[in-house]
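**Q** Have a look at the structure that comes next, please.
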There are 2 protein chains.
Amino acid sequence: MNRNATLWWDQKTGSICYIDQTLLPNKERIVECRSARRLAKAIQRLEIRGAPALGVAGAFGVALAASRCRKKTLELFLVTVARDAEMLRSTRPTAVNLGWGIDRVLDAMKKAPDVTGAQERALTVAEKIYREDTVCCHAIGKHGASLLPDSCTILTHCNAGALACSSWGTALGVIRTAVQAGKQVNVIACETRPLLQGARLTAWELSRDGIPVTVITDSMAAHFMRTSKIDAVIVGADRITGDAVFNKIGTYMHAVLARYHGIPFFVAAPLSTFDITGKARDIVIEERGRDEIATIGNRTFVPPAVPVKNPGFDATPLELVSAIITENGIIRPPFTMTDLEQGRTK
Amino acid sequence: MNRNATLWWDQKTGSICYIDQTLLPNKERIVECRSARRLAKAIQRLEIRGAPALGVAGAFGVALAASRCRKKTLELFLVTVARDAEMLRSTRPTAVNLGWGIDRVLDAMKKAPDVTGAQERALTVAEKIYREDTVCCHAIGKHGASLLPDSCTILTHCNAGALACSSWGTALGVIRTAVQAGKQVNVIACETRPLLQGARLTAWELSRDGIPVTVITDSMAAHFMRTSKIDAVIVGADRITGDAVFNKIGTYMHAVLARYHGIPFFVAAPLSTFDITGKARDIVIEERGRDEIATIGNRTFVPPAVPVKNPGFDATPLELVSAIITENGIIRPPFTMTDLEQGRTK
């Protein structure tokens, strides 16, 4: 296993390998995924999650479907693979990268002369997306690190780390690059209810890298913003429309609290997350299952008769964002269309 | 058992009975507590919690210590009971009601002619505090209900309900009285990490009363304030100083978010919670154990090498409070010392 990767293509078996993120931090199990159907389940169950990782997974998923498809004519082959692609796409409606990765591979196959050619192109493009993702995270890291003081405390939510990408990370990529450049960074990881990706994943990957990290509940962020020195909030994104950042539920809370306490609020995300012609009001926010709220481990905490709500994401209006960090540079308010298109403010 | 009470004195056995709140909503177990030491453990473990309930528990605790004390001389008797009282007091440093209940009973005993007289007085005063608490909650309910529209959605945090008092509740007392008066109230209960008193206790007691309640994670409050109609936030308090409200961690977050979204933020609390000569900066915020954050049910979510923080309370500056509801009436900004002393604004 590539210790730094969380998701990759295994040449020998022709399958997608990934760390099952539902088992972290207690078990580090590598799953070998041999069908698009299994991958769809993995995405739905959040064995694989994180916007850039979903882009890579979508791309590899189409390549996997292509490599396993036994249709002889190109037309039937493409129809069959497209059906698998749609099944994958439907697993997470809010995340934009998933569809982006899927579409890049589907497009590449369309120009192929025959089935074998299409299979080869699919894998080539998927591998390219995989490699680009790491390059992209390092570029985001470099641009973002310039925003951090030499010694600082950064609050983050959910996991926008190596586990959310193929490696390095977006929000945590900024922190990793800053640390690599000699800056002293303390991280406060909000646990991120309901699925605790902050406590389980961010804490795990930062501590493995020797970066100081402390876990708090989401409800403590305001208290520490008021009583301690927090220099910035950095989060990732699942979709950036022309007017808002969609990210893990709780992100909007941090943005409002950061504004109130005069703390910069940064979003780190590759351009593959951008949907700038989109409007926040048109985006479907995925409503996830009751059990994620009501049951933790083996215990149920919400009485059976009581309903819950479980939106997976929230929308943070761009007015609350201090800067968006992309692979091309830093976009600063007022976030003009031109700047959003180019991924930086000149 | 008195179905509406959560904590009471059992005449037959001369012991304190209470519902063990750590087991709710899955088990409704009544504990018969026969020593001050067991009571201290119950308070520390949050088998009994909630500011007014702690006042009643402290009072009954001293009465229990007195009734079990075998010292023959009044002087030795008082010293022994006082020692038990200090042990009880030390269990929760931030909650002001606990010490208030303890001191009222200790004071009553001082004027007793002999040991038997002191024991009788202790129980009489403790029973009086118990009865006053219910009367007080109903008065808070009446005053607070006048603030709510005829049809409304109220967000609350933690549990300031019957389970936090001897019955009826403070924040939930306001909601119960409004419902009794024919108002339509929908409640959004924030689950309240780390110990999930919102999911476990508020949801349980409201649904038992047929009041519509929905559970969300704490991090969703901002999202629903932005996207739904929330008419007010109502919370309880563990201590109200001259400049701030101390309550369950997360309360300050809700206060900032409510202000940002133009939603009234109400605090419902009896005058026994007031410490108005106190200043927020002098109050010790109880730091609770790692396990409450790291472990839920039978599963550990935070990697062993990663530290956590677990302040039990936060401080909400009075500037963020729209009104304080007491048994005497409603205190409105700017919260003058006179108004705080009298428990209402004329």
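Just so we're on the same page: first chain in the structure tokens is A, next is B, and so on; residues restart at 1 for each chain, and ligands are numbered from 1 in the order they show up.
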If you run DSSP on this backbone, which residues of range 9-40 of chain B come out as helix (DSSP H, G or I), and could you give them as a list in words?
**A** Ala36, Arg37, Arg38, Leu39 and Ala40 of chain B
**Q** What does the file look like for those residues with C-alpha atoms, as a PDB file, in the first residue's frame?
**A**
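Output file again16.pdb is given in full below:
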ATOM      1  CA  ALA B  36     -24.384  11.643  50.831  1.00  0.00           C
ATOM      2  CA  ARG B  37     -21.426   9.827  49.289  1.00  0.00           C
ATOM      3  CA  ARG B  38     -23.674   7.974  46.824  1.00  0.00           C
ATOM      4  CA  LEU B  39     -25.428  11.263  46.049  1.00  0.00           C
ATOM      5  CA  ALA B  40     -22.093  12.961  45.325  1.00  0.00           C
TER       6      ALA B  40
END
**Q** Pull out every residue of chain A sitting within 8 Å of chain B, counting only C-alpha atoms, and send them as a ChimeraX atom specification.
**A** /A:25-26,192-194,196,199-200,203-204,207,213-223,249-250,252-253,256-257,260,293,296-303,305-310,314-315
**Q** Could you list, as a list in words, every residue within 10 Å of Arg239 in chain A, counting only C-alpha atoms and ignoring same-chain residues fewer than 4 positions away?
**A**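 Here the answer would be Ala51, Thr94, Ala95, Val96, Asn97, Ala244, Val245, Phe246, Asn247, Ala269, Pro270, Leu271, Ser272, Thr273, Phe274, Asp275, Ile276, Gly278, Ala280, Ile283, Phe313 and Ala315 of chain A.
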**Q** Residues as selected, N, CA, C and O atoms, written as a PDB file, in the first residue's frame, can you do that?
**A**
ATOM      1  N   ALA A  51     -14.667  15.546  -1.034  1.00  0.00           N
ATOM      2  CA  ALA A  51     -14.958  15.980  -2.402  1.00  0.00           C
ATOM      3  C   ALA A  51     -13.905  15.525  -3.421  1.00  0.00           C
ATOM      4  O   ALA A  51     -14.246  14.840  -4.394  1.00  0.00           O
ATOM      5  N   THR A  94     -25.095  16.187  -3.687  1.00  0.00           N
ATOM      6  CA  THR A  94     -24.569  17.539  -3.454  1.00  0.00           C
ATOM      7  C   THR A  94     -23.118  17.701  -3.933  1.00  0.00           C
ATOM      8  O   THR A  94     -22.715  18.758  -4.399  1.00  0.00           O
ATOM      9  N   ALA A  95     -22.343  16.632  -3.818  1.00  0.00           N
ATOM     10  CA  ALA A  95     -20.917  16.691  -4.170  1.00  0.00           C
ATOM     11  C   ALA A  95     -20.751  16.855  -5.668  1.00  0.00           C
ATOM     12  O   ALA A  95     -21.251  16.046  -6.450  1.00  0.00           O
ATOM     13  N   VAL A  96     -20.033  17.884  -6.078  1.00  0.00           N
ATOM     14  CA  VAL A  96     -19.911  18.155  -7.510  1.00  0.00           C
ATOM     15  C   VAL A  96     -18.756  17.374  -8.130  1.00  0.00           C
ATOM     16  O   VAL A  96     -18.791  17.003  -9.293  1.00  0.00           O
ATOM     17  N   ASN A  97     -17.711  17.081  -7.356  1.00  0.00           N
ATOM     18  CA  ASN A  97     -16.531  16.422  -7.911  1.00  0.00           C
ATOM     19  C   ASN A  97     -16.827  15.025  -8.440  1.00  0.00           C
ATOM     20  O   ASN A  97     -16.209  14.577  -9.403  1.00  0.00           O
ATOM     21  N   ALA A 244     -22.285  30.682  -3.053  1.00  0.00           N
ATOM     22  CA  ALA A 244     -22.169  29.994  -1.758  1.00  0.00           C
ATOM     23  C   ALA A 244     -21.210  28.816  -1.808  1.00  0.00           C
ATOM     24  O   ALA A 244     -20.926  28.269  -2.876  1.00  0.00           O
ATOM     25  N   VAL A 245     -20.735  28.448  -0.627  1.00  0.00           N
ATOM     26  CA  VAL A 245     -19.893  27.254  -0.480  1.00  0.00           C
ATOM     27  C   VAL A 245     -20.729  26.174   0.204  1.00  0.00           C
ATOM     28  O   VAL A 245     -21.230  26.383   1.309  1.00  0.00           O
ATOM     29  N   PHE A 246     -20.887  25.040  -0.460  1.00  0.00           N
ATOM     30  CA  PHE A 246     -21.540  23.893   0.161  1.00  0.00           C
ATOM     31  C   PHE A 246     -20.463  23.011   0.764  1.00  0.00           C
ATOM     32  O   PHE A 246     -19.517  22.637   0.094  1.00  0.00           O
ATOM     33  N   ASN A 247     -20.627  22.705   2.025  1.00  0.00           N
ATOM     34  CA  ASN A 247     -19.664  21.825   2.690  1.00  0.00           C
ATOM     35  C   ASN A 247     -20.403  21.137   3.833  1.00  0.00           C
ATOM     36  O   ASN A 247     -21.574  21.422   4.119  1.00  0.00           O
ATOM     37  N   ALA A 269     -10.158  24.519  -1.857  1.00  0.00           N
ATOM     38  CA  ALA A 269     -10.824  23.552  -2.740  1.00  0.00           C
ATOM     39  C   ALA A 269     -10.286  23.648  -4.160  1.00  0.00           C
ATOM     40  O   ALA A 269     -10.026  24.751  -4.654  1.00  0.00           O
ATOM     41  N   PRO A 270     -10.143  22.512  -4.835  1.00  0.00           N
ATOM     42  CA  PRO A 270      -9.713  22.542  -6.235  1.00  0.00           C
ATOM     43  C   PRO A 270     -10.834  23.067  -7.136  1.00  0.00           C
ATOM     44  O   PRO A 270     -12.003  23.052  -6.749  1.00  0.00           O
ATOM     45  N   LEU A 271     -10.464  23.515  -8.337  1.00  0.00           N
ATOM     46  CA  LEU A 271     -11.459  24.049  -9.274  1.00  0.00           C
ATOM     47  C   LEU A 271     -12.487  22.999  -9.681  1.00  0.00           C
ATOM     48  O   LEU A 271     -13.581  23.353 -10.123  1.00  0.00           O
ATOM     49  N   SER A 272     -12.150  21.723  -9.507  1.00  0.00           N
ATOM     50  CA  SER A 272     -13.127  20.669  -9.841  1.00  0.00           C
ATOM     51  C   SER A 272     -14.350  20.715  -8.926  1.00  0.00           C
ATOM     52  O   SER A 272     -15.356  20.072  -9.188  1.00  0.00           O
ATOM     53  N   THR A 273     -14.255  21.481  -7.832  1.00  0.00           N
ATOM     54  CA  THR A 273     -15.380  21.629  -6.898  1.00  0.00           C
ATOM     55  C   THR A 273     -16.302  22.776  -7.324  1.00  0.00           C
ATOM     56  O   THR A 273     -17.354  22.977  -6.743  1.00  0.00           O
ATOM     57  N   PHE A 274     -15.866  23.556  -8.327  1.00  0.00           N
ATOM     58  CA  PHE A 274     -16.588  24.775  -8.682  1.00  0.00           C
ATOM     59  C   PHE A 274     -17.759  24.490  -9.617  1.00  0.00           C
ATOM     60  O   PHE A 274     -17.651  23.703 -10.557  1.00  0.00           O
ATOM     61  N   ASP A 275     -18.850  25.162  -9.334  1.00  0.00           N
ATOM     62  CA  ASP A 275     -20.067  25.083 -10.161  1.00  0.00           C
ATOM     63  C   ASP A 275     -20.597  26.510 -10.181  1.00  0.00           C
ATOM     64  O   ASP A 275     -21.664  26.818  -9.676  1.00  0.00           O
ATOM     65  N   ILE A 276     -19.777  27.420 -10.758  1.00  0.00           N
ATOM     66  CA  ILE A 276     -20.019  28.845 -10.503  1.00  0.00           C
ATOM     67  C   ILE A 276     -21.214  29.401 -11.249  1.00  0.00           C
ATOM     68  O   ILE A 276     -21.709  30.469 -10.910  1.00  0.00           O
ATOM     69  N   GLY A 278     -23.911  27.783 -11.087  1.00  0.00           N
ATOM     70  CA  GLY A 278     -24.973  27.301 -10.198  1.00  0.00           C
ATOM     71  C   GLY A 278     -25.338  28.337  -9.148  1.00  0.00           C
ATOM     72  O   GLY A 278     -24.546  29.218  -8.818  1.00  0.00           O
ATOM     73  N   ALA A 280     -27.095  28.779  -5.215  1.00  0.00           N
ATOM     74  CA  ALA A 280     -27.309  28.009  -3.992  1.00  0.00           C
ATOM     75  C   ALA A 280     -28.735  27.485  -3.890  1.00  0.00           C
ATOM     76  O   ALA A 280     -28.966  26.336  -3.513  1.00  0.00           O
ATOM     77  N   ILE A 283     -29.522  24.044  -5.454  1.00  0.00           N
ATOM     78  CA  ILE A 283     -28.755  22.847  -5.104  1.00  0.00           C
ATOM     79  C   ILE A 283     -29.522  21.983  -4.103  1.00  0.00           C
ATOM     80  O   ILE A 283     -30.024  22.477  -3.101  1.00  0.00           O
ATOM     81  N   PHE A 313     -25.132  18.597   4.367  1.00  0.00           N
ATOM     82  CA  PHE A 313     -24.354  19.785   4.023  1.00  0.00           C
ATOM     83  C   PHE A 313     -25.118  21.043   4.414  1.00  0.00           C
ATOM     84  O   PHE A 313     -26.310  20.981   4.691  1.00  0.00           O
ATOM     85  N   ALA A 315     -25.056  25.541   3.302  1.00  0.00           N
ATOM     86  CA  ALA A 315     -24.556  26.530   2.340  1.00  0.00           C
ATOM     87  C   ALA A 315     -24.057  27.759   3.087  1.00  0.00           C
ATOM     88  O   ALA A 315     -24.777  28.320   3.909  1.00  0.00           O
TER      89      ALA A 315
END
**Q** Could you list, as a list in words, every residue within 9 Å of range 54-57 of chain A, counting only C-alpha atoms and ignoring same-chain residues fewer than 6 positions away?
**A**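 Here the answer would be Leu7, Trp8, Ile16, Leu39, Ile43, Ile48, Ala95, Val96, Asn97, Leu98, Gly99, Trp100, Gly101, Ile102, Ala126, Glu127, Ile129, Tyr130, Asp133, Ala164, Cys165, Ser166, Ser272 and Thr273 of chain A.
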**Q** For Gly343 in chain B, which residue out of B:His143, B:His138, B:Lys27, B:Arg89 is the nearest one, using only C-alpha atoms?
**A**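 With only C-alpha atoms as the atom set, the closest residue is B:His143.
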**Q** For range 144-159 of chain A, find every residue with an atom within 6 Å (counting only C-alpha atoms), except residues of its own chain fewer than 4 positions away, and show them as a list in words.
**A** Ile140, Val174, Ala178, Lys183, Gln184, Val185, Asn186, Val187, Ile188, Ala189, Cys190, Thr192, Gln197, Gly198, Thr202, Ile230, Asp231, Ala232, Val233, Ile234, Val235 and Ile325 of chain A
**Q** Selection from above, N, CA, C and O atoms, as a JSON list (two decimals), in the first residue's frame, can you write it?
**A**
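Dumped to out-v1.json:
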[["chain", "number", "residue", "atom", "x", "y", "z"],
["A", 140, "ILE", "N", -2.57, 23.99, -3.81],
["A", 140, "ILE", "CA", -3.46, 24.63, -2.83],
["A", 140, "ILE", "C", -2.69, 24.87, -1.54],
["A", 140, "ILE", "O", -2.78, 25.94, -0.92],
["A", 174, "VAL", "N", -3.08, 22.69, 3.22],
["A", 174, "VAL", "CA", -2.58, 24.03, 3.56],
["A", 174, "VAL", "C", -1.77, 23.94, 4.86],
["A", 174, "VAL", "O", -0.66, 24.48, 4.97],
["A", 178, "ALA", "N", 2.29, 24.42, 5.32],
["A", 178, "ALA", "CA", 2.77, 25.43, 6.26],
["A", 178, "ALA", "C", 3.76, 24.80, 7.25],
["A", 178, "ALA", "O", 4.81, 25.37, 7.55],
["A", 183, "LYS", "N", 6.48, 26.47, 9.71],
["A", 183, "LYS", "CA", 5.54, 27.19, 10.57],
["A", 183, "LYS", "C", 5.05, 26.26, 11.69],
["A", 183, "LYS", "O", 4.98, 25.05, 11.52],
["A", 184, "GLN", "N", 4.71, 26.90, 12.82],
["A", 184, "GLN", "CA", 4.18, 26.13, 13.95],
["A", 184, "GLN", "C", 2.67, 26.21, 13.91],
["A", 184, "GLN", "O", 2.10, 27.28, 14.17],
["A", 185, "VAL", "N", 2.04, 25.12, 13.61],
["A", 185, "VAL", "CA", 0.58, 25.13, 13.49],
["A", 185, "VAL", "C", -0.06, 24.17, 14.49],
["A", 185, "VAL", "O", 0.29, 22.99, 14.53],
["A", 186, "ASN", "N", -0.93, 24.72, 15.33],
["A", 186, "ASN", "CA", -1.76, 23.89, 16.19],
["A", 186, "ASN", "C", -3.13, 23.80, 15.56],
["A", 186, "ASN", "O", -3.67, 24.81, 15.14],
["A", 187, "VAL", "N", -3.67, 22.60, 15.54],
["A", 187, "VAL", "CA", -4.97, 22.43, 14.91],
["A", 187, "VAL", "C", -6.02, 22.09, 15.95],
["A", 187, "VAL", "O", -5.78, 21.28, 16.85],
["A", 188, "ILE", "N", -7.18, 22.75, 15.85],
["A", 188, "ILE", "CA", -8.35, 22.34, 16.63],
["A", 188, "ILE", "C", -9.30, 21.67, 15.64],
["A", 188, "ILE", "O", -9.75, 22.29, 14.68],
["A", 189, "ALA", "N", -9.53, 20.39, 15.87],
["A", 189, "ALA", "CA", -10.41, 19.63, 14.98],
["A", 189, "ALA", "C", -11.77, 19.51, 15.63],
["A", 189, "ALA", "O", -11.90, 18.92, 16.70],
["A", 190, "CYS", "N", -12.80, 20.08, 15.00],
["A", 190, "CYS", "CA", -14.16, 19.89, 15.50],
["A", 190, "CYS", "C", -14.60, 18.48, 15.14],
["A", 190, "CYS", "O", -14.38, 18.03, 14.02],
["A", 192, "THR", "N", -17.29, 17.01, 14.39],
["A", 192, "THR", "CA", -18.13, 16.89, 13.21],
["A", 192, "THR", "C", -19.18, 15.80, 13.31],
["A", 192, "THR", "O", -19.07, 14.73, 12.73],
["A", 197, "GLN", "N", -16.14, 12.76, 11.50],
["A", 197, "GLN", "CA", -14.95, 12.71, 10.64],
["A", 197, "GLN", "C", -13.81, 13.54, 11.20],
["A", 197, "GLN", "O", -12.65, 13.25, 10.91],
["A", 198, "GLY", "N", -14.13, 14.58, 11.96],
["A", 198, "GLY", "CA", -13.07, 15.39, 12.57],
["A", 198, "GLY", "C", -12.33, 14.59, 13.64],
["A", 198, "GLY", "O", -11.11, 14.53, 13.66],
["A", 202, "THR", "N", -9.54, 13.48, 10.82],
["A", 202, "THR", "CA", -8.60, 14.60, 10.89],
["A", 202, "THR", "C", -7.61, 14.37, 12.02],
["A", 202, "THR", "O", -6.40, 14.54, 11.84],
["A", 230, "ILE", "N", -7.62, 31.99, 18.19],
["A", 230, "ILE", "CA", -7.74, 31.17, 16.98],
["A", 230, "ILE", "C", -7.47, 32.09, 15.82],
["A", 230, "ILE", "O", -8.09, 33.15, 15.68],
["A", 231, "ASP", "N", -6.49, 31.72, 14.97],
["A", 231, "ASP", "CA", -6.04, 32.65, 13.93],
["A", 231, "ASP", "C", -6.84, 32.55, 12.65],
["A", 231, "ASP", "O", -6.93, 33.52, 11.89],
["A", 232, "ALA", "N", -7.37, 31.38, 12.38],
["A", 232, "ALA", "CA", -8.18, 31.22, 11.15],
["A", 232, "ALA", "C", -8.98, 29.94, 11.24],
["A", 232, "ALA", "O", -8.64, 29.02, 11.97],
["A", 233, "VAL", "N", -10.07, 29.92, 10.49],
["A", 233, "VAL", "CA", -10.81, 28.69, 10.24],
["A", 233, "VAL", "C", -10.50, 28.29, 8.80],
["A", 233, "VAL", "O", -10.53, 29.15, 7.91],
["A", 234, "ILE", "N", -10.16, 27.03, 8.56],
["A", 234, "ILE", "CA", -9.98, 26.55, 7.19],
["A", 234, "ILE", "C", -10.82, 25.30, 7.00],
["A", 234, "ILE", "O", -10.72, 24.36, 7.81],
["A", 235, "VAL", "N", -11.62, 25.29, 5.95],
["A", 235, "VAL", "CA", -12.44, 24.12, 5.64],
["A", 235, "VAL", "C", -12.30, 23.79, 4.16],
["A", 235, "VAL", "O", -11.78, 24.59, 3.38],
["A", 325, "ILE", "N", -9.06, 29.29, -1.55],
["A", 325, "ILE", "CA", -7.72, 28.89, -1.98],
["A", 325, "ILE", "C", -7.87, 27.78, -3.01],
["A", 325, "ILE", "O", -8.44, 26.73, -2.72]]
**Q** Would you please give, as number ranges by chain, all residues of range 169-306 of chain B that DSSP assigns to strand (DSSP E) based on the backbone?
**A** B: 184-190, 213-216, 232-235, 239-241, 244-248, 265-268, 274-275, 295-296, 299-300
**Q** What is the distance between CA of Ala59 in chain B and CA of Asp107 in chain B, in Å to one decimal?
**A**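 About the pair CA of Ala59 in chain B and CA of Asp107 in chain B: they are 10.9 Å apart.
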**Q** Which residue out of B:Asp291, B:Ala181, B:Arg68, B:Val267 has the minimum interatomic distance to Arg332 in chain B when only C-alpha atoms are used?
**A**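 Looking at the shortest contact to Arg332 in chain B, the residue is B:Val267.
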**Q** Just the number, please: distance in Å from CA of Cys69 in chain A to CA of Ala108 in chain A, one decimal.
**A** 16.4 Å
**Q** Just the residues within 10 Å of Ile30 in chain A, please, counting only C-alpha atoms, with nothing from its chain fewer than 3 positions along; format it as a ChimeraX atom specification.
**A** /A:1,6-7,17-21,27,33
**Q** To one decimal in Å, tell me the separation between CA of Leu172 in chain A and CA of Ala323 in chain A.
**A** 15.7 Å
